[in-house]
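A.B. asks: Sharing model-v6.txt here; it has compact mmCIF, C-alpha atoms and all ligand atoms.
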# COMPACT_ATOMS: atom_id res chain seq x y z
CA MET X 200 -126.71 -51.97 24.62
CA ALA X 201 -124.05 -53.88 22.63
CA LYS X 202 -125.58 -52.78 19.38
CA ARG X 203 -125.70 -49.20 20.42
CA ARG X 204 -122.04 -49.37 21.49
CA ARG X 205 -120.90 -50.90 18.15
CA VAL X 206 -122.74 -48.26 16.15
CA ARG X 207 -121.10 -45.57 18.28
CA TRP X 208 -117.57 -46.97 17.60
CA ASP X 209 -118.28 -46.97 13.87
CA ARG X 210 -119.31 -43.37 14.07
CA VAL X 211 -116.33 -42.53 16.20
CA LEU X 212 -114.01 -44.13 13.66
CA LEU X 213 -115.84 -42.48 10.80
CA VAL X 214 -115.59 -39.03 12.34
CA PHE X 215 -112.26 -39.24 14.11
CA GLY X 216 -110.43 -41.64 11.79
CA PRO X 217 -109.76 -39.08 9.04
CA LEU X 218 -109.07 -36.48 11.71
CA LEU X 219 -106.47 -38.79 13.28
CA LEU X 220 -104.98 -39.40 9.86
CA LEU X 221 -104.85 -35.68 9.23
CA ILE X 222 -103.12 -35.11 12.58
CA LEU X 223 -100.61 -37.82 11.78
CA ILE X 224 -99.90 -36.28 8.36
CA LEU X 225 -99.54 -32.84 9.89
CA CYS X 226 -97.16 -34.16 12.55
CA PHE X 227 -95.10 -35.93 9.95
CA SER X 228 -94.81 -32.88 7.72
CA CYS X 229 -93.98 -30.63 10.70
CA HIS X 230 -91.22 -32.96 11.76
CA HIS X 231 -89.77 -32.74 8.28
CA ARG X 232 -90.02 -29.00 8.18
CA ASP X 233 -88.15 -28.76 11.52
CA LYS X 234 -85.46 -30.99 10.19
CA ASP X 235 -85.17 -28.89 7.03
CA THR X 236 -84.92 -25.71 9.10
CA MET X 237 -82.15 -27.24 11.18
CA ASP X 238 -80.35 -28.30 8.07
CA GLN X 239 -80.63 -24.84 6.62
CA THR X 240 -79.29 -23.29 9.83
CA SER X 241 -76.25 -25.44 9.79
CA SER X 242 -75.81 -25.54 6.08
CA PRO X 243 -73.81 -22.36 5.32
CA ASP X 244 -70.69 -23.64 7.00
CA ASN X 245 -71.04 -27.03 5.46
CA LEU X 246 -71.71 -25.42 2.15
CA VAL X 247 -68.59 -23.27 2.31
CA GLU X 248 -66.44 -26.14 3.45
CA SER X 249 -67.74 -28.61 0.94
CA SER X 250 -67.83 -26.20 -1.96
CA LEU X 251 -64.25 -24.97 -1.55
CA PRO X 252 -61.80 -26.62 -3.85
CA ALA X 253 -58.93 -28.31 -2.10
CA GLU X 254 -56.42 -25.65 -3.16
CA THR X 255 -58.54 -22.82 -1.74
CA SER X 256 -58.90 -24.67 1.57
CA GLU X 257 -55.14 -24.83 1.87
CA VAL X 258 -54.77 -21.10 1.23
CA ALA X 259 -57.48 -20.43 3.82
CA VAL X 260 -55.36 -22.07 6.53
CA PRO X 261 -54.21 -19.02 8.55
CA VAL X 262 -50.96 -17.81 7.12
CA GLU X 263 -48.76 -16.40 9.89
CA ALA X 264 -50.19 -12.94 10.44
CA GLU X 265 -47.75 -10.14 9.71
CA ALA X 266 -46.74 -8.30 12.87
CA ARG X 267 -47.58 -4.61 12.96
CA PRO X 268 -44.32 -2.77 13.48
CA LEU X 269 -44.00 -0.44 16.45
CA VAL X 270 -44.13 3.08 15.09
CA ILE X 271 -41.89 5.67 16.69
CA CYS X 272 -42.28 9.28 15.62
CA ILE X 273 -39.12 11.38 15.85
CA ASP X 274 -39.77 15.11 15.94
CA ALA X 275 -36.84 17.39 15.16
CA GLY X 276 -37.80 20.56 16.99
CA HIS X 277 -38.10 23.89 15.13
CA GLY X 278 -36.91 24.25 11.50
CA GLY X 279 -37.04 26.69 8.61
CA LYS X 280 -37.90 30.21 9.77
CA ASP X 281 -37.97 28.96 13.38
CA SER X 282 -34.34 28.53 14.43
CA GLY X 283 -35.03 27.76 18.08
CA ALA X 284 -32.24 28.47 20.54
CA THR X 285 -28.76 29.67 19.61
CA ASP X 286 -25.37 29.55 21.23
CA LYS X 287 -25.21 33.36 21.33
CA PRO X 288 -28.67 34.59 22.35
CA ASN X 289 -27.39 37.94 23.56
CA ASP X 290 -25.40 38.86 20.46
CA LYS X 291 -28.05 40.68 18.44
CA SER X 292 -25.56 42.10 15.94
CA MET X 293 -24.38 38.69 14.77
CA SER X 294 -26.33 37.14 11.90
CA GLU X 295 -27.88 33.72 12.32
CA ALA X 296 -25.49 32.37 9.72
CA ASN X 297 -22.68 32.81 12.22
CA LYS X 298 -24.51 31.28 15.14
CA ARG X 299 -25.07 27.73 16.14
CA LEU X 300 -28.81 27.09 15.67
CA GLU X 301 -30.90 24.63 17.62
CA LYS X 302 -32.96 23.60 14.59
CA ASN X 303 -29.84 22.18 12.91
CA ASP X 304 -28.68 20.24 15.97
CA ASN X 305 -32.19 18.85 16.43
CA LEU X 306 -32.34 17.69 12.82
CA ASN X 307 -28.87 16.11 12.88
CA LEU X 308 -29.65 14.17 16.03
CA SER X 309 -33.12 13.17 14.76
CA LEU X 310 -31.69 11.77 11.54
CA ALA X 311 -29.06 9.87 13.52
CA VAL X 312 -31.76 8.44 15.83
CA ARG X 313 -33.80 7.37 12.80
CA ASP X 314 -30.75 5.56 11.44
CA ALA X 315 -29.98 3.99 14.82
CA PHE X 316 -33.42 2.36 14.89
CA GLN X 317 -32.87 0.81 11.48
CA LYS X 318 -30.98 -2.17 12.87
CA TYR X 319 -34.04 -3.24 14.87
CA PRO X 320 -36.67 -5.24 13.00
CA ASP X 321 -40.34 -4.38 13.50
CA ILE X 322 -39.53 -0.78 14.41
CA GLN X 323 -40.80 1.82 11.98
CA VAL X 324 -39.60 5.38 12.38
CA ILE X 325 -41.57 8.28 11.01
CA MET X 326 -40.26 11.84 11.02
CA THR X 327 -42.03 15.17 11.35
CA ARG X 328 -39.31 16.71 9.20
CA GLU X 329 -36.16 15.47 7.46
CA THR X 330 -34.93 18.80 6.10
CA ASP X 331 -34.67 22.40 7.27
CA VAL X 332 -38.36 23.23 6.88
CA PHE X 333 -40.86 24.93 9.15
CA VAL X 334 -43.57 22.60 10.46
CA GLU X 335 -46.47 23.83 12.59
CA LEU X 336 -46.78 22.21 16.00
CA GLN X 337 -50.25 20.85 15.20
CA ASP X 338 -48.92 19.35 11.95
CA ARG X 339 -46.24 17.55 13.93
CA CYS X 340 -48.93 16.07 16.17
CA ASP X 341 -51.09 15.20 13.17
CA ILE X 342 -48.24 13.31 11.51
CA ALA X 343 -47.87 11.11 14.59
CA ASN X 344 -51.59 10.76 15.30
CA ASN X 345 -52.54 9.97 11.70
CA ALA X 346 -49.85 7.30 11.53
CA ASN X 347 -51.10 5.82 14.82
CA ALA X 348 -47.58 6.12 16.14
CA ASP X 349 -46.91 4.24 19.37
CA PHE X 350 -44.36 6.69 20.76
CA PHE X 351 -43.37 10.28 20.14
CA ILE X 352 -39.93 11.70 20.83
CA SER X 353 -39.36 15.41 20.30
CA LEU X 354 -35.71 16.42 20.19
CA HIS X 355 -34.64 19.89 21.29
CA ARG X 356 -31.76 21.78 22.80
CA ASN X 357 -31.90 24.21 25.69
CA MET X 358 -30.77 27.77 26.19
CA ALA X 359 -30.04 29.60 29.45
CA GLU X 360 -27.47 31.87 31.00
CA ASN X 361 -25.65 29.26 33.03
CA GLY X 362 -27.47 26.00 32.43
CA LYS X 363 -25.98 22.71 31.39
CA GLY X 364 -27.12 19.12 31.15
CA VAL X 365 -29.92 17.02 29.73
CA GLU X 366 -33.56 17.08 30.82
CA VAL X 367 -36.85 15.61 29.67
CA TRP X 368 -40.29 17.20 29.66
CA ILE X 369 -43.46 15.13 29.83
CA ASN X 370 -47.16 15.76 30.27
CA ASN X 371 -48.47 17.06 33.59
CA ASP X 372 -50.90 14.13 33.71
CA SER X 373 -48.01 11.71 34.06
CA MET X 374 -46.90 13.10 37.39
CA GLY X 375 -46.54 10.46 40.06
CA ASP X 376 -47.34 7.39 38.00
CA ASN X 377 -45.02 5.02 36.21
CA THR X 378 -46.48 6.04 32.90
CA MET X 379 -44.85 5.08 29.63
CA ASP X 380 -43.59 8.60 28.97
CA LYS X 381 -41.96 8.70 32.38
CA LEU X 382 -40.33 5.32 31.79
CA MET X 383 -39.16 6.44 28.35
CA SER X 384 -37.55 9.45 30.00
CA GLU X 385 -35.83 7.40 32.69
CA TYR X 386 -34.51 4.76 30.31
CA ILE X 387 -33.26 7.36 27.84
CA LEU X 388 -31.58 9.42 30.57
CA ASP X 389 -29.93 6.25 31.92
CA TRP X 390 -28.52 5.39 28.51
CA LEU X 391 -27.43 8.95 27.75
CA GLU X 392 -25.68 9.08 31.10
CA LYS X 393 -23.71 5.96 30.13
CA VAL X 394 -22.46 7.79 27.04
CA GLY X 395 -21.63 10.84 29.12
CA ILE X 396 -23.55 14.07 29.78
CA SER X 397 -22.55 17.15 31.78
CA GLU X 398 -25.53 16.87 34.14
CA ARG X 399 -28.64 14.77 34.53
CA ARG X 400 -31.36 17.33 35.09
CA GLY X 401 -34.07 14.71 35.30
CA ILE X 402 -37.75 14.64 34.39
CA HIS X 403 -39.89 17.77 34.34
CA TYR X 404 -43.66 17.93 34.10
CA GLY X 405 -45.66 20.39 32.10
CA PHE X 406 -44.22 23.43 30.39
CA ARG X 407 -41.59 26.05 30.94
CA GLU X 408 -42.57 29.46 29.65
CA GLY X 409 -41.46 32.10 32.08
CA GLU X 410 -41.60 31.91 35.83
CA GLY X 411 -45.35 32.43 36.19
CA ASN X 412 -46.37 29.53 33.99
CA TYR X 413 -43.75 27.13 35.19
CA GLU X 414 -45.15 23.61 35.06
CA SER X 415 -48.66 24.98 34.76
CA ASN X 416 -49.30 23.69 31.26
CA ASN X 417 -47.85 21.22 28.77
CA TYR X 418 -45.62 21.47 25.76
CA TYR X 419 -47.83 21.44 22.68
CA VAL X 420 -46.47 18.21 21.24
CA ASN X 421 -46.86 16.44 24.58
CA ARG X 422 -50.40 17.69 24.93
CA TYR X 423 -51.79 17.07 21.45
CA THR X 424 -50.22 13.74 20.56
CA ASN X 425 -52.30 10.66 21.31
CA MET X 426 -49.42 8.41 22.32
CA PRO X 427 -46.79 8.50 25.09
CA SER X 428 -44.56 11.42 24.23
CA ILE X 429 -41.49 13.12 25.59
CA LEU X 430 -39.61 16.30 24.81
CA LEU X 431 -35.89 15.71 25.25
CA GLU X 432 -33.63 18.71 25.76
CA MET X 433 -30.20 17.52 24.64
CA GLY X 434 -28.02 19.93 26.53
CA PHE X 435 -27.73 23.70 26.38
CA MET X 436 -26.78 25.60 23.22
CA THR X 437 -25.27 28.15 25.58
CA SER X 438 -22.95 25.64 27.27
CA LYS X 439 -19.59 25.03 25.58
CA GLU X 440 -19.35 21.71 27.41
CA ASP X 441 -22.76 20.56 26.19
CA ASN X 442 -22.00 21.63 22.61
CA ARG X 443 -18.72 19.71 22.71
CA ASN X 444 -20.51 16.63 24.08
CA PHE X 445 -23.20 16.97 21.44
CA ASP X 446 -20.67 17.10 18.60
CA ASP X 447 -18.39 14.40 19.97
CA HIS X 448 -21.12 11.93 20.89
CA LEU X 449 -23.89 12.55 18.36
CA GLU X 450 -23.91 8.97 17.02
CA GLU X 451 -23.56 7.49 20.50
CA TYR X 452 -26.43 9.61 21.80
CA ALA X 453 -28.57 8.46 18.89
CA ASP X 454 -27.69 4.81 19.57
CA ALA X 455 -28.39 5.36 23.27
CA ILE X 456 -31.89 6.73 22.58
CA ALA X 457 -32.70 3.79 20.31
CA SER X 458 -31.20 1.25 22.74
CA ALA X 459 -33.13 2.76 25.64
CA MET X 460 -36.40 2.44 23.78
CA ILE X 461 -35.65 -1.15 22.75
CA GLU X 462 -34.72 -2.07 26.32
CA LEU X 463 -37.92 -0.51 27.68
CA LEU X 464 -40.09 -2.20 25.06
CA THR X 465 -38.38 -5.52 25.78
CA ASP X 466 -38.91 -5.10 29.53
CA LYS X 467 -42.58 -4.35 28.88
CA GLY X 468 -42.97 -7.44 26.71
CA LEU X 469 -43.76 -5.29 23.65
CA TYR X 470 -40.60 -6.23 21.80
CA PRO X 471 -39.87 -8.35 19.82
CA VAL X 472 -43.27 -7.66 18.32
CA GLN X 473 -45.62 -10.62 18.71
CA THR X 474 -47.77 -11.77 15.82
ZN ZN Z 501 -36.44 23.84 21.20
Rewrite the coordinates I just gave you, this time as structure tokens.
C.D. replies:
Amino acid sequence: MAKRRRVRWDRVLLVFGPLLLLILILCFSCHHRDKDTMDQTSSPDNLVESSLPAETSEVAVPVEAEARPLVICIDAGHGGKDSGATDKPNDKSMSEANKRLEKNDNLNLSLAVRDAFQKYPDIQVIMTRETDVFVELQDRCDIANNANADFFISLHRNMAENGKGVEVWINNDSMGDNTMDKLMSEYILDWLEKVGISERRGIHYGFREGEGNYESNNYYVNRYTNMPSILLEMGFMTSKEDNRNFDDHLEEYADAIASAMIELLTDKGLYPVQT
């Protein structure tokens, strides 16, 4: 029995010995391959870090990111062949040259508003027009949309038989909520009132185009701009009082519009612009 057992162990060793050795070798090489794979996985970072010269590493330390300015688009209503309202709408015999034209008032106020924003850092003003040129409504929207403007302010003047005062038009969708365009309107009206206006006519929603369509649609620039937008009617061309206010307080109105926006943006934590 003992002999038979010894012979069997020899055979076992003879057969399984090399197999065991092979298994051991395989295990050893597998372990190494795993380790290599792990090293490779973690190597890119190490490689980048270790291969960067000291100077480059210093440059790579995040430099204070430059703040994106807040972009405000000022839209001077009408222009060129489109004069807008006049102070004498019923006097057909009088040439336009002798009338007060809305397009000119809008442009003068818009340029003054642009200048008023210049004292505030991180505010960038873009204009839909800076001269007496005709600009399509869609082009006005495109200028603001393509620049990714944050806010859109369209400046106009009103015309009516016996109207006077300042009013703001915003999108129908903003009705009821404290939307940004509504807040812009309220802040701007507050500041304009401090300067002095004949009447605060408040916020209107939609579009005024004859009785039937009253508030049933939106002004084009409010509808097709992608950012909060308002259309500000700065008094009536047909009101002597409003025209006098407009001429006497042009710079103050411009400062008031800029100050109102800055106050709103500050209240909303959007200004000063954070990096
Ligand atoms: Zn107008």
A.B. asks: List as an mmCIF file with C-alpha atoms, keeping the file's coordinate frame the protein and nucleic acid residues near range 341-345 of chain X, meaning an atom at most 9 Å away when only C-alpha atoms are counted, but skip any in the same chain fewer than 3 places from it.
C.D. replies:
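Saved result, part28.cif, follows:
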data_model
loop_
_atom_site.group_PDB
_atom_site.id
_atom_site.type_symbol
_atom_site.label_atom_id
_atom_site.label_comp_id
_atom_site.auth_asym_id
_atom_site.auth_seq_id
_atom_site.Cartn_x
_atom_site.Cartn_y
_atom_site.Cartn_z
ATOM 1 C CA VAL X 270 -44.130 3.080 15.090
ATOM 2 C CA ILE X 271 -41.890 5.670 16.690
ATOM 3 C CA CYS X 272 -42.280 9.280 15.620
ATOM 4 C CA ILE X 273 -39.120 11.380 15.850
ATOM 5 C CA ILE X 325 -41.570 8.280 11.010
ATOM 6 C CA MET X 326 -40.260 11.840 11.020
ATOM 7 C CA THR X 327 -42.030 15.170 11.350
ATOM 8 C CA LEU X 336 -46.780 22.210 16.000
ATOM 9 C CA GLN X 337 -50.250 20.850 15.200
ATOM 10 C CA ASP X 338 -48.920 19.350 11.950
ATOM 11 C CA ALA X 348 -47.580 6.120 16.140
ATOM 12 C CA ASP X 349 -46.910 4.240 19.370
ATOM 13 C CA PHE X 350 -44.360 6.690 20.760
ATOM 14 C CA PHE X 351 -43.370 10.280 20.140
ATOM 15 C CA TYR X 423 -51.790 17.070 21.450
ATOM 16 C CA THR X 424 -50.220 13.740 20.560
ATOM 17 C CA ASN X 425 -52.300 10.660 21.310
ATOM 18 C CA MET X 426 -49.420 8.410 22.320
#
A.B. asks: Please identify all polymer residues within 9 Å of Asn307 in chain X, counting only C-alpha atoms, omitting same-chain residues fewer than 4 positions from it, and present them as a ChimeraX atom specification.
C.D. replies: /X:275,302-303,311-312,449
A.B. asks: Ligand ZN 501 (chain Z): which residues are within 10 Å, counting all atoms listed in the file? Reply as a list in words.
C.D. replies: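 What falls inside 10 Å of ligand ZN 501 (chain Z) is Ala275, Gly276, His277, Gly278, Asp281, Ser282, Gly283, Ala284, Thr285, Leu300, Glu301, Lys302, Asn305, Ser353, Leu354, His355, Arg356, Asn357, Met358, Leu430, Leu431, Glu432 and Met433 of chain X.
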A.B. asks: For the atom pair CA of Glu335 in chain X and CA of Phe406 in chain X, what is the interatomic distance in Å to one decimal place?
C.D. replies: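 For CA of Glu335 in chain X relative to CA of Phe406 in chain X, the distance reads 17.9 Å.
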A.B. asks: May I ask for the distance between CA of Thr474 in chain X and CA of Ile456 in chain X, given in Å to one decimal place?
C.D. replies: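 CA of Ile456 in chain X lies 25.3 Å from CA of Thr474 in chain X.
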A.B. asks: Quick one, how far is CA of Leu388 in chain X from CA of Pro320 in chain X?
C.D. replies: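 CA of Pro320 in chain X lies 23.4 Å from CA of Leu388 in chain X.
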A.B. asks: With distances taken over all atoms listed in the file, which of X:Val367, X:Ile402, X:Ile396, X:Met293 is nearest to His448 in chain X?
C.D. replies: X:Ile396
A.B. asks: Name all residues at most 8 Å from Asp441 in chain X (count all atoms listed in the file; drop same-chain ones fewer than 6 positions away) and give them as a list of chain:residue names.
C.D. replies: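 The neighbour list is X:Lys363, X:Gly364, X:Ile396, X:Ser397, X:Gly434, X:Phe435.
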A.B. asks: Which one of X:Lys280, X:Met460, X:Asn361, X:Glu398 sits closest to Val332 in chain X if you count all atoms listed in the file?
C.D. replies: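 Selected residue with least distance to Val332 in chain X: X:Lys280.
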